[in-house]
$ cat target_16.txt   # compact mmCIF, C-alpha atoms
# COMPACT_ATOMS: atom_id res chain seq x y z
CA MET A 51 7.53 28.57 9.33
CA SER A 52 6.03 32.02 9.91
CA TYR A 53 7.71 33.18 6.67
CA ILE A 54 6.02 30.32 4.84
CA ILE A 55 2.66 31.13 6.43
CA ARG A 56 3.06 34.75 5.31
CA LEU A 57 3.76 33.61 1.75
CA ILE A 58 0.72 31.32 1.83
CA LYS A 59 -1.55 34.13 3.03
CA LYS A 60 -0.28 36.40 0.22
CA ALA A 61 -0.66 33.59 -2.34
CA GLN A 62 -4.21 33.01 -1.14
CA LYS A 63 -4.94 36.61 -2.03
CA GLY A 64 -3.69 35.95 -5.56
CA ASN A 65 -0.08 37.14 -5.19
CA GLU A 66 1.83 35.23 -7.89
CA LYS A 67 5.30 36.17 -6.67
CA ALA A 68 4.55 34.89 -3.17
CA PHE A 69 3.18 31.65 -4.59
CA LEU A 70 6.24 31.14 -6.80
CA LYS A 71 8.60 31.77 -3.88
CA LEU A 72 6.67 29.20 -1.90
CA PHE A 73 6.54 26.69 -4.73
CA GLN A 74 10.26 27.05 -5.36
CA MET A 75 10.94 25.59 -1.92
CA TYR A 76 9.25 22.35 -2.90
CA GLU A 77 9.64 22.10 -6.67
CA ALA A 78 12.75 19.89 -6.56
CA ASP A 79 10.93 17.34 -4.42
CA ILE A 80 7.86 17.58 -6.64
CA TYR A 81 9.95 16.99 -9.76
CA ARG A 82 11.81 14.03 -8.28
CA MET A 83 8.59 12.42 -7.03
CA ALA A 84 6.99 12.80 -10.44
CA PHE A 85 10.13 11.45 -12.11
CA VAL A 86 10.07 8.30 -9.97
CA TYR A 87 6.52 7.61 -11.14
CA LEU A 88 6.91 8.62 -14.79
CA LYS A 89 10.58 7.83 -15.44
CA ASN A 90 10.87 10.64 -17.94
CA GLU A 91 12.14 14.22 -17.63
CA GLU A 92 9.58 15.87 -19.90
CA GLU A 93 6.64 14.07 -18.29
CA ALA A 94 7.92 14.96 -14.81
CA LEU A 95 8.24 18.62 -15.86
CA ASP A 96 4.65 18.53 -17.10
CA ILE A 97 3.62 17.33 -13.64
CA VAL A 98 5.55 20.21 -12.01
CA GLN A 99 3.62 22.63 -14.24
CA GLU A 100 0.30 20.87 -13.55
CA THR A 101 0.94 20.87 -9.80
CA ALA A 102 1.78 24.60 -9.85
CA TYR A 103 -1.41 25.21 -11.86
CA LYS A 104 -3.68 23.22 -9.57
CA ALA A 105 -2.07 24.53 -6.40
CA PHE A 106 -2.24 28.22 -7.39
CA ASP A 107 -5.80 27.74 -8.61
CA LYS A 108 -6.94 26.14 -5.36
CA ILE A 109 -4.66 27.66 -2.70
CA GLU A 110 -7.42 29.97 -1.56
CA GLY A 111 -9.20 26.91 -0.14
CA LEU A 112 -6.17 25.59 1.76
CA LYS A 113 -7.38 25.56 5.35
CA GLU A 114 -4.24 24.35 7.12
CA PRO A 115 -1.18 26.33 5.88
CA ALA A 116 1.07 24.12 8.02
CA TYR A 117 0.28 21.22 5.69
CA ILE A 118 1.27 23.02 2.50
CA LYS A 119 3.94 20.47 1.61
CA THR A 120 1.66 17.49 2.23
CA TRP A 121 -0.98 19.20 0.12
CA LEU A 122 1.46 19.76 -2.76
CA ILE A 123 2.69 16.18 -2.53
CA LYS A 124 -0.88 14.89 -2.69
CA ILE A 125 -1.46 16.91 -5.86
CA THR A 126 1.82 15.62 -7.32
CA ILE A 127 1.05 11.97 -6.60
CA SER A 128 -2.49 12.14 -7.90
CA SER A 129 -1.41 14.02 -11.05
CA SER A 130 1.42 11.54 -11.66
CA LEU A 131 -0.90 8.54 -11.28
CA ASN A 132 -3.44 10.06 -13.65
CA ARG A 133 -0.74 10.79 -16.21
CA LEU A 134 0.64 7.28 -15.84
CA LYS A 135 -2.79 5.77 -16.54
CA LYS A 136 -3.17 7.89 -19.68
CA LEU A 137 0.33 7.04 -20.92
CA GLU A 138 -0.07 3.33 -20.31
CA LYS A 139 -3.20 3.38 -22.46
CA ILE A 140 -1.30 4.96 -25.34
CA VAL A 141 2.04 3.14 -25.30
CA PRO A 142 3.94 0.96 -22.80
CA MET A 143 6.57 2.98 -20.90
CA GLN A 144 10.04 2.82 -22.41
CA ASN A 145 13.06 1.89 -20.32
CA GLU A 146 15.66 4.08 -21.96
CA TYR A 147 15.48 6.89 -19.37
CA ILE A 148 18.08 5.67 -16.88
CA ASP A 149 20.95 5.51 -19.36
CA ASN A 150 20.28 9.08 -20.39
CA ILE A 151 20.52 10.53 -16.90
CA GLN A 152 23.74 12.33 -16.14
CA PHE A 153 24.37 11.49 -12.50
CA GLU A 154 26.21 14.04 -10.44
CA GLN A 155 27.39 11.45 -7.95
CA GLY A 156 29.67 8.65 -8.89
CA ASP A 157 28.26 6.12 -6.43
CA HIS A 158 27.33 3.03 -8.41
CA THR A 159 25.12 1.52 -5.68
CA VAL A 160 23.02 4.69 -5.62
CA LYS A 161 22.43 4.41 -9.37
CA VAL A 162 21.57 0.72 -9.10
CA LEU A 163 19.15 1.39 -6.26
CA LEU A 164 17.46 4.18 -8.20
CA GLN A 165 17.14 1.88 -11.19
CA GLN A 166 15.48 -0.72 -8.95
CA ILE A 167 13.07 1.86 -7.51
CA LEU A 168 12.11 3.03 -10.99
CA GLU A 169 11.84 -0.39 -12.59
CA GLU A 170 10.90 -2.93 -9.98
CA LEU A 171 8.40 -1.13 -7.76
CA THR A 172 4.71 -0.70 -8.48
CA SER A 173 3.16 2.77 -8.28
CA ASP A 174 1.80 2.01 -4.79
CA GLU A 175 5.20 0.88 -3.60
CA LYS A 176 6.95 3.89 -5.13
CA GLY A 177 4.62 6.31 -3.37
CA ILE A 178 5.17 4.76 0.03
CA VAL A 179 8.95 4.40 -0.35
CA LEU A 180 9.17 8.07 -1.43
CA LEU A 181 7.07 9.33 1.45
CA LYS A 182 8.86 7.20 4.03
CA TYR A 183 12.50 7.55 3.03
CA TYR A 184 12.63 10.65 0.86
CA GLU A 185 10.14 12.82 2.72
CA GLY A 186 10.66 11.21 6.13
CA TYR A 187 6.96 10.71 6.88
CA THR A 188 5.72 8.48 9.68
CA PHE A 189 3.50 5.50 8.84
CA GLN A 190 0.47 7.41 10.10
CA GLU A 191 1.29 10.44 7.95
CA ILE A 192 1.65 8.20 4.90
CA ALA A 193 -1.69 6.53 5.66
CA ASP A 194 -3.35 9.95 6.01
CA THR A 195 -1.73 11.35 2.87
CA LEU A 196 -2.59 8.38 0.67
CA GLN A 197 -5.87 7.67 2.50
CA ILE A 198 -5.16 3.99 2.99
CA PRO A 199 -5.13 1.90 6.20
CA LEU A 200 -2.00 1.95 8.37
CA GLY A 201 -1.58 -1.83 8.07
CA THR A 202 -1.65 -1.57 4.28
CA VAL A 203 1.10 1.07 4.34
CA LYS A 204 3.30 -1.22 6.41
CA SER A 205 2.71 -4.30 4.31
CA ILE A 206 3.30 -2.47 1.01
CA LEU A 207 6.52 -0.93 2.35
CA TYR A 208 7.70 -4.28 3.67
CA ARG A 209 7.10 -5.82 0.23
CA ALA A 210 8.86 -2.90 -1.52
CA LEU A 211 11.95 -3.14 0.67
CA LYS A 212 12.15 -6.87 0.11
CA LYS A 213 12.12 -6.21 -3.63
CA LEU A 214 14.88 -3.66 -3.20
CA ARG A 215 16.77 -6.12 -1.03
CA VAL A 216 17.15 -3.47 1.64
CA GLN A 217 17.62 -4.68 5.20
CA VAL A 218 14.19 -4.83 6.79
CA GLU A 219 13.96 -4.15 10.49
CA GLU A 220 10.96 -6.09 11.81
CA ALA A 221 10.68 -3.77 14.82
CA ASP A 222 10.15 -0.81 12.47
CA PHE A 223 6.99 -2.40 11.21
CA TYR A 224 5.43 -4.38 14.02
CA GLY A 225 7.09 -3.02 17.12
CA MET B 1208 17.85 3.68 4.40
CA ASP B 1209 19.91 6.77 3.68
CA LYS B 1210 20.85 5.13 0.40
CA LEU B 1211 17.20 5.22 -0.65
CA LYS B 1212 17.03 8.95 -0.03
CA GLU B 1213 20.38 9.45 -1.70
CA SER B 1214 19.27 7.51 -4.77
CA VAL B 1215 16.15 9.67 -5.26
CA LYS B 1216 18.22 12.81 -4.61
CA SER B 1217 20.62 11.73 -7.33
CA ILE B 1218 17.93 12.41 -9.94
CA PRO B 1219 19.31 15.57 -11.56
CA LEU B 1220 17.11 18.65 -11.77
CA PRO B 1221 16.45 20.16 -15.19
CA GLN B 1222 17.40 23.81 -15.72
CA ASP B 1223 13.92 24.91 -16.69
CA LEU B 1224 12.27 23.51 -13.56
CA HIS B 1225 11.17 26.86 -12.11
CA LYS B 1226 10.18 28.10 -15.55
CA ARG B 1227 7.63 25.29 -15.72
CA ALA B 1228 6.20 26.31 -12.35
CA LYS B 1229 5.86 29.86 -13.68
CA MET B 1230 4.05 28.51 -16.73
CA GLY B 1231 1.55 26.73 -14.47
CA VAL B 1232 0.87 29.96 -12.59
CA SER B 1233 0.47 31.91 -15.87
CA GLN B 1234 -2.14 29.38 -17.00
CA VAL B 1235 -4.22 30.11 -13.89
CA LYS B 1236 -3.91 33.85 -14.49
CA LYS B 1237 -4.99 33.39 -18.11
CA LYS B 1238 -7.94 31.22 -17.09
CA LYS B 1239 -9.10 33.79 -14.53
CA GLU B 1240 -8.80 36.61 -17.07
CA GLU B 1241 -10.82 34.63 -19.59
CA THR B 1242 -13.49 33.85 -17.00
CA MET B 1243 -13.63 37.51 -16.07
CA ALA B 1244 -13.91 38.56 -19.74
CA HIS B 1245 -16.73 36.05 -20.30
CA SER B 1246 -18.63 37.18 -17.26
CA ILE B 1247 -18.28 40.84 -18.33
CA SER B 1248 -19.44 40.13 -21.90
CA GLY B 1249 -22.31 37.98 -20.56
CA HIS B 1250 -23.30 40.82 -18.28
CA ARG B 1251 -23.37 43.20 -21.24
CA ILE B 1252 -25.62 40.87 -23.26
CA PHE B 1253 -28.18 40.54 -20.49
CA SER B 1254 -28.08 44.11 -19.25
$ encode --input "target_16.txt" --output "structure tokens"
Amino acid sequence: MSYIIRLIKKAQKGNEKAFLKLFQMYEADIYRMAFVYLKNEEEALDIVQETAYKAFDKIEGLKEPAYIKTWLIKITISSSLNRLKKLEKIVPMQNEYIDNIQFEQGDHTVKVLLQQILEELTSDEKGIVLLKYYEGYTFQEIADTLQIPLGTVKSILYRALKKLRVQVEEADFYG
Amino acid sequence: MDKLKESVKSIPLPQDLHKRAKMGVSQVKKKKEETMAHSISGHRIFS
């Protein structure tokens, strides 16, 4: 972590190389998060570029370096949602993306599950599923990141998992 | 629940991913240079 803090301090002084080294640690996650929202490689890459732009522009004001990843994820989610709104105004999203993806893994259930995440979940549900199971956040961290009540996080996740037909453990939510 | 993580991880990464991050950073640099140039030329006009 101290290496990351050092990079942040350098980036805050305008050091591009330090910022890019830092960003590189998170760019795969940023891309995948954006892809889940936008379902399109080029749009997701635009969000990576936009996130890098906004983050480098504003990193000087980052008060808590320990929360760099959460901060980048917040930028990614908000940029993705804004882009989604703009795109939906222009033309309904196409569903041809999934067939064009060249999966590295051969697991069919993984592909089916991804297709369900992309197609069946709302933006709210996608965000919470990503933060919980991809990023490993706690319910409280999700609530803080998305600035919504804890109870809402739990109910949206419960609904999302039911849609995905994933085994829901009641104790996880209300225990 | 691991399947959920696995499914998101199965989204392949494009080759030019880091290049796009670099482009974002270059845009900031360009913006700052332009702002600097404007403030210098503005200073000249009023001085």
$ closest_residue --input "target_16.txt" --among "A:Tyr87, A:Phe106, A:Tyr76, A:Tyr81" --to "Lys60 of chain A" --atoms "all atoms listed in the file"
A:Phe106
$ residues_around --input "target_16.txt" --residues "Asn132 of chain A" --least-positions-apart "5" --cutoff "12 Å" --atoms "all atoms listed in the file" --output "list in words"
Ala84, Tyr87, Leu88, Glu93, Ile97, Glu100, Ile125, Thr126, Ile127, Leu137, Glu138, Lys139 and Ser173 of chain A
$ interface_residues --input "target_16.txt" --of "chain B" --to "chain A" --cutoff "12 Å" --atoms "all atoms listed in the file" --output "mmCIF file with C-alpha atoms, keeping the file's coordinate frame"
data_model
loop_
_atom_site.group_PDB
_atom_site.id
_atom_site.type_symbol
_atom_site.label_atom_id
_atom_site.label_comp_id
_atom_site.auth_asym_id
_atom_site.auth_seq_id
_atom_site.Cartn_x
_atom_site.Cartn_y
_atom_site.Cartn_z
ATOM 1 C CA MET B 1208 17.850 3.680 4.400
ATOM 2 C CA ASP B 1209 19.910 6.770 3.680
ATOM 3 C CA LYS B 1210 20.850 5.130 0.400
ATOM 4 C CA LEU B 1211 17.200 5.220 -0.650
ATOM 5 C CA LYS B 1212 17.030 8.950 -0.030
ATOM 6 C CA GLU B 1213 20.380 9.450 -1.700
ATOM 7 C CA SER B 1214 19.270 7.510 -4.770
ATOM 8 C CA VAL B 1215 16.150 9.670 -5.260
ATOM 9 C CA LYS B 1216 18.220 12.810 -4.610
ATOM 10 C CA SER B 1217 20.620 11.730 -7.330
ATOM 11 C CA ILE B 1218 17.930 12.410 -9.940
ATOM 12 C CA PRO B 1219 19.310 15.570 -11.560
ATOM 13 C CA LEU B 1220 17.110 18.650 -11.770
ATOM 14 C CA PRO B 1221 16.450 20.160 -15.190
ATOM 15 C CA GLN B 1222 17.400 23.810 -15.720
ATOM 16 C CA ASP B 1223 13.920 24.910 -16.690
ATOM 17 C CA LEU B 1224 12.270 23.510 -13.560
ATOM 18 C CA HIS B 1225 11.170 26.860 -12.110
ATOM 19 C CA LYS B 1226 10.180 28.100 -15.550
ATOM 20 C CA ARG B 1227 7.630 25.290 -15.720
ATOM 21 C CA ALA B 1228 6.200 26.310 -12.350
ATOM 22 C CA LYS B 1229 5.860 29.860 -13.680
ATOM 23 C CA MET B 1230 4.050 28.510 -16.730
ATOM 24 C CA GLY B 1231 1.550 26.730 -14.470
ATOM 25 C CA VAL B 1232 0.870 29.960 -12.590
ATOM 26 C CA SER B 1233 0.470 31.910 -15.870
ATOM 27 C CA GLN B 1234 -2.140 29.380 -17.000
ATOM 28 C CA VAL B 1235 -4.220 30.110 -13.890
ATOM 29 C CA LYS B 1236 -3.910 33.850 -14.490
ATOM 30 C CA LYS B 1237 -4.990 33.390 -18.110
ATOM 31 C CA LYS B 1238 -7.940 31.220 -17.090
ATOM 32 C CA LYS B 1239 -9.100 33.790 -14.530
#
$ atom_distance --input "target_16.txt" --atom1 "atom CA of Ala210 of chain A" --atom2 "atom CA of Glu175 of chain A"
5.7 Å
$ atom_distance --input "target_16.txt" --atom1 "atom CA of Gln197 of chain A" --atom2 "atom CA of Lys176 of chain A"
15.4 Å
$ residues_around --input "target_16.txt" --residues "Phe189 of chain A" --least-positions-apart "2" --cutoff "8 Å" --atoms "all atoms listed in the file" --output "CSV table (one decimal) with C-alpha atoms, in the frame of the given file"
chain,number,residue,atom,x,y,z
A,182,LYS,CA,8.9,7.2,4.0
A,187,TYR,CA,7.0,10.7,6.9
A,191,GLU,CA,1.3,10.4,8.0
A,192,ILE,CA,1.6,8.2,4.9
A,193,ALA,CA,-1.7,6.5,5.7
A,200,LEU,CA,-2.0,2.0,8.4
A,203,VAL,CA,1.1,1.1,4.3
A,204,LYS,CA,3.3,-1.2,6.4
$ residues_near_point --input "target_16.txt" --point "(-0.8, 10.3, -3.2)" --cutoff "7 Å" --atoms "all atoms listed in the file" --output "ChimeraX atom specification"
/A:123-124,127-128,177,195-196
$ atom_distance --input "target_16.txt" --atom1 "atom CA of Pro115 of chain A" --atom2 "atom CA of Lys59 of chain A"
8.3 Å
$ residues_around --input "target_16.txt" --residues "Ile55 of chain A" --least-positions-apart "2" --cutoff "12 Å" --atoms "only C-alpha atoms" --output "JSON, numbers by chain"
{"A": [51, 52, 53, 57, 58, 59, 60, 61, 62, 68, 69, 71, 72, 112, 113, 114, 115, 116, 117, 118, 119]}
$ decode --input "target_16.txt" --residues "segment 82-116 of chain A" --atoms "N, CA and C atoms" --output "PDB file, in the first residue's frame"
ATOM      1  N   ARG A  82     -13.951  -3.560 -17.275  1.00  0.00           N
ATOM      2  CA  ARG A  82     -14.994  -4.588 -17.148  1.00  0.00           C
ATOM      3  C   ARG A  82     -16.271  -4.014 -16.539  1.00  0.00           C
ATOM      4  N   MET A  83     -16.117  -3.119 -15.569  1.00  0.00           N
ATOM      5  CA  MET A  83     -17.304  -2.488 -14.969  1.00  0.00           C
ATOM      6  C   MET A  83     -18.047  -1.695 -16.037  1.00  0.00           C
ATOM      7  N   ALA A  84     -17.315  -0.909 -16.783  1.00  0.00           N
ATOM      8  CA  ALA A  84     -17.938  -0.095 -17.830  1.00  0.00           C
ATOM      9  C   ALA A  84     -18.593  -0.988 -18.878  1.00  0.00           C
ATOM     10  N   PHE A  85     -17.952  -2.106 -19.194  1.00  0.00           N
ATOM     11  CA  PHE A  85     -18.499  -3.014 -20.201  1.00  0.00           C
ATOM     12  C   PHE A  85     -19.835  -3.602 -19.744  1.00  0.00           C
ATOM     13  N   VAL A  86     -19.920  -3.936 -18.446  1.00  0.00           N
ATOM     14  CA  VAL A  86     -21.167  -4.517 -17.932  1.00  0.00           C
ATOM     15  C   VAL A  86     -22.323  -3.514 -18.099  1.00  0.00           C
ATOM     16  N   TYR A  87     -22.031  -2.244 -17.872  1.00  0.00           N
ATOM     17  CA  TYR A  87     -23.072  -1.231 -18.047  1.00  0.00           C
ATOM     18  C   TYR A  87     -23.394  -0.989 -19.530  1.00  0.00           C
ATOM     19  N   LEU A  88     -22.349  -0.875 -20.348  1.00  0.00           N
ATOM     20  CA  LEU A  88     -22.545  -0.386 -21.721  1.00  0.00           C
ATOM     21  C   LEU A  88     -22.609  -1.476 -22.783  1.00  0.00           C
ATOM     22  N   LYS A  89     -22.151  -2.663 -22.424  1.00  0.00           N
ATOM     23  CA  LYS A  89     -22.262  -3.842 -23.289  1.00  0.00           C
ATOM     24  C   LYS A  89     -21.584  -3.662 -24.652  1.00  0.00           C
ATOM     25  N   ASN A  90     -20.531  -2.879 -24.674  1.00  0.00           N
ATOM     26  CA  ASN A  90     -19.902  -2.573 -25.949  1.00  0.00           C
ATOM     27  C   ASN A  90     -18.442  -2.189 -25.697  1.00  0.00           C
ATOM     28  N   GLU A  91     -17.535  -2.814 -26.457  1.00  0.00           N
ATOM     29  CA  GLU A  91     -16.102  -2.606 -26.226  1.00  0.00           C
ATOM     30  C   GLU A  91     -15.673  -1.148 -26.410  1.00  0.00           C
ATOM     31  N   GLU A  92     -16.114  -0.557 -27.511  1.00  0.00           N
ATOM     32  CA  GLU A  92     -15.672   0.817 -27.809  1.00  0.00           C
ATOM     33  C   GLU A  92     -16.194   1.812 -26.775  1.00  0.00           C
ATOM     34  N   GLU A  93     -17.462   1.609 -26.375  1.00  0.00           N
ATOM     35  CA  GLU A  93     -18.022   2.512 -25.351  1.00  0.00           C
ATOM     36  C   GLU A  93     -17.285   2.335 -24.021  1.00  0.00           C
ATOM     37  N   ALA A  94     -16.980   1.088 -23.682  1.00  0.00           N
ATOM     38  CA  ALA A  94     -16.278   0.818 -22.416  1.00  0.00           C
ATOM     39  C   ALA A  94     -14.871   1.429 -22.452  1.00  0.00           C
ATOM     40  N   LEU A  95     -14.222   1.374 -23.613  1.00  0.00           N
ATOM     41  CA  LEU A  95     -12.893   1.998 -23.740  1.00  0.00           C
ATOM     42  C   LEU A  95     -12.986   3.516 -23.597  1.00  0.00           C
ATOM     43  N   ASP A  96     -14.065   4.087 -24.115  1.00  0.00           N
ATOM     44  CA  ASP A  96     -14.266   5.535 -23.946  1.00  0.00           C
ATOM     45  C   ASP A  96     -14.380   5.883 -22.461  1.00  0.00           C
ATOM     46  N   ILE A  97     -15.034   5.000 -21.709  1.00  0.00           N
ATOM     47  CA  ILE A  97     -15.192   5.252 -20.267  1.00  0.00           C
ATOM     48  C   ILE A  97     -13.840   5.133 -19.555  1.00  0.00           C
ATOM     49  N   VAL A  98     -13.000   4.192 -19.993  1.00  0.00           N
ATOM     50  CA  VAL A  98     -11.649   4.075 -19.414  1.00  0.00           C
ATOM     51  C   VAL A  98     -10.901   5.398 -19.631  1.00  0.00           C
ATOM     52  N   GLN A  99     -10.990   5.909 -20.857  1.00  0.00           N
ATOM     53  CA  GLN A  99     -10.302   7.173 -21.182  1.00  0.00           C
ATOM     54  C   GLN A  99     -10.877   8.329 -20.356  1.00  0.00           C
ATOM     55  N   GLU A 100     -12.196   8.366 -20.258  1.00  0.00           N
ATOM     56  CA  GLU A 100     -12.864   9.443 -19.499  1.00  0.00           C
ATOM     57  C   GLU A 100     -12.509   9.367 -18.007  1.00  0.00           C
ATOM     58  N   THR A 101     -12.449   8.145 -17.497  1.00  0.00           N
ATOM     59  CA  THR A 101     -12.110   7.967 -16.076  1.00  0.00           C
ATOM     60  C   THR A 101     -10.670   8.415 -15.821  1.00  0.00           C
ATOM     61  N   ALA A 102      -9.767   8.043 -16.734  1.00  0.00           N
ATOM     62  CA  ALA A 102      -8.360   8.469 -16.592  1.00  0.00           C
ATOM     63  C   ALA A 102      -8.274   9.996 -16.639  1.00  0.00           C
ATOM     64  N   TYR A 103      -9.038  10.591 -17.553  1.00  0.00           N
ATOM     65  CA  TYR A 103      -9.051  12.053 -17.693  1.00  0.00           C
ATOM     66  C   TYR A 103      -9.532  12.718 -16.400  1.00  0.00           C
ATOM     67  N   LYS A 104     -10.705  12.289 -15.934  1.00  0.00           N
ATOM     68  CA  LYS A 104     -11.285  12.919 -14.744  1.00  0.00           C
ATOM     69  C   LYS A 104     -10.408  12.689 -13.512  1.00  0.00           C
ATOM     70  N   ALA A 105      -9.878  11.473 -13.403  1.00  0.00           N
ATOM     71  CA  ALA A 105      -9.081  11.137 -12.224  1.00  0.00           C
ATOM     72  C   ALA A 105      -7.776  11.937 -12.201  1.00  0.00           C
ATOM     73  N   PHE A 106      -7.079  12.012 -13.336  1.00  0.00           N
ATOM     74  CA  PHE A 106      -5.814  12.756 -13.358  1.00  0.00           C
ATOM     75  C   PHE A 106      -6.056  14.253 -13.139  1.00  0.00           C
ATOM     76  N   ASP A 107      -7.181  14.715 -13.677  1.00  0.00           N
ATOM     77  CA  ASP A 107      -7.530  16.133 -13.531  1.00  0.00           C
ATOM     78  C   ASP A 107      -7.828  16.495 -12.068  1.00  0.00           C
ATOM     79  N   LYS A 108      -8.426  15.553 -11.355  1.00  0.00           N
ATOM     80  CA  LYS A 108      -8.909  15.869  -9.994  1.00  0.00           C
ATOM     81  C   LYS A 108      -8.104  15.200  -8.872  1.00  0.00           C
ATOM     82  N   ILE A 109      -7.058  14.460  -9.202  1.00  0.00           N
ATOM     83  CA  ILE A 109      -6.378  13.666  -8.161  1.00  0.00           C
ATOM     84  C   ILE A 109      -5.749  14.550  -7.078  1.00  0.00           C
ATOM     85  N   GLU A 110      -5.453  15.751  -7.439  1.00  0.00           N
ATOM     86  CA  GLU A 110      -4.882  16.687  -6.463  1.00  0.00           C
ATOM     87  C   GLU A 110      -5.810  16.842  -5.250  1.00  0.00           C
ATOM     88  N   GLY A 111      -7.110  16.750  -5.494  1.00  0.00           N
ATOM     89  CA  GLY A 111      -8.090  16.949  -4.425  1.00  0.00           C
ATOM     90  C   GLY A 111      -8.442  15.672  -3.665  1.00  0.00           C
ATOM     91  N   LEU A 112      -7.820  14.555  -4.025  1.00  0.00           N
ATOM     92  CA  LEU A 112      -8.123  13.291  -3.337  1.00  0.00           C
ATOM     93  C   LEU A 112      -7.546  13.330  -1.920  1.00  0.00           C
ATOM     94  N   LYS A 113      -8.450  13.351  -0.950  1.00  0.00           N
ATOM     95  CA  LYS A 113      -7.989  13.540   0.439  1.00  0.00           C
ATOM     96  C   LYS A 113      -7.558  12.239   1.102  1.00  0.00           C
ATOM     97  N   GLU A 114      -8.189  11.138   0.710  1.00  0.00           N
ATOM     98  CA  GLU A 114      -7.897   9.848   1.354  1.00  0.00           C
ATOM     99  C   GLU A 114      -7.261   8.901   0.340  1.00  0.00           C
ATOM    100  N   PRO A 115      -5.945   8.891   0.204  1.00  0.00           N
ATOM    101  CA  PRO A 115      -5.294   8.018  -0.792  1.00  0.00           C
ATOM    102  C   PRO A 115      -5.662   6.539  -0.641  1.00  0.00           C
ATOM    103  N   ALA A 116      -6.008   6.122   0.576  1.00  0.00           N
ATOM    104  CA  ALA A 116      -6.357   4.711   0.793  1.00  0.00           C
ATOM    105  C   ALA A 116      -7.619   4.312   0.019  1.00  0.00           C
TER     106      ALA A 116
END
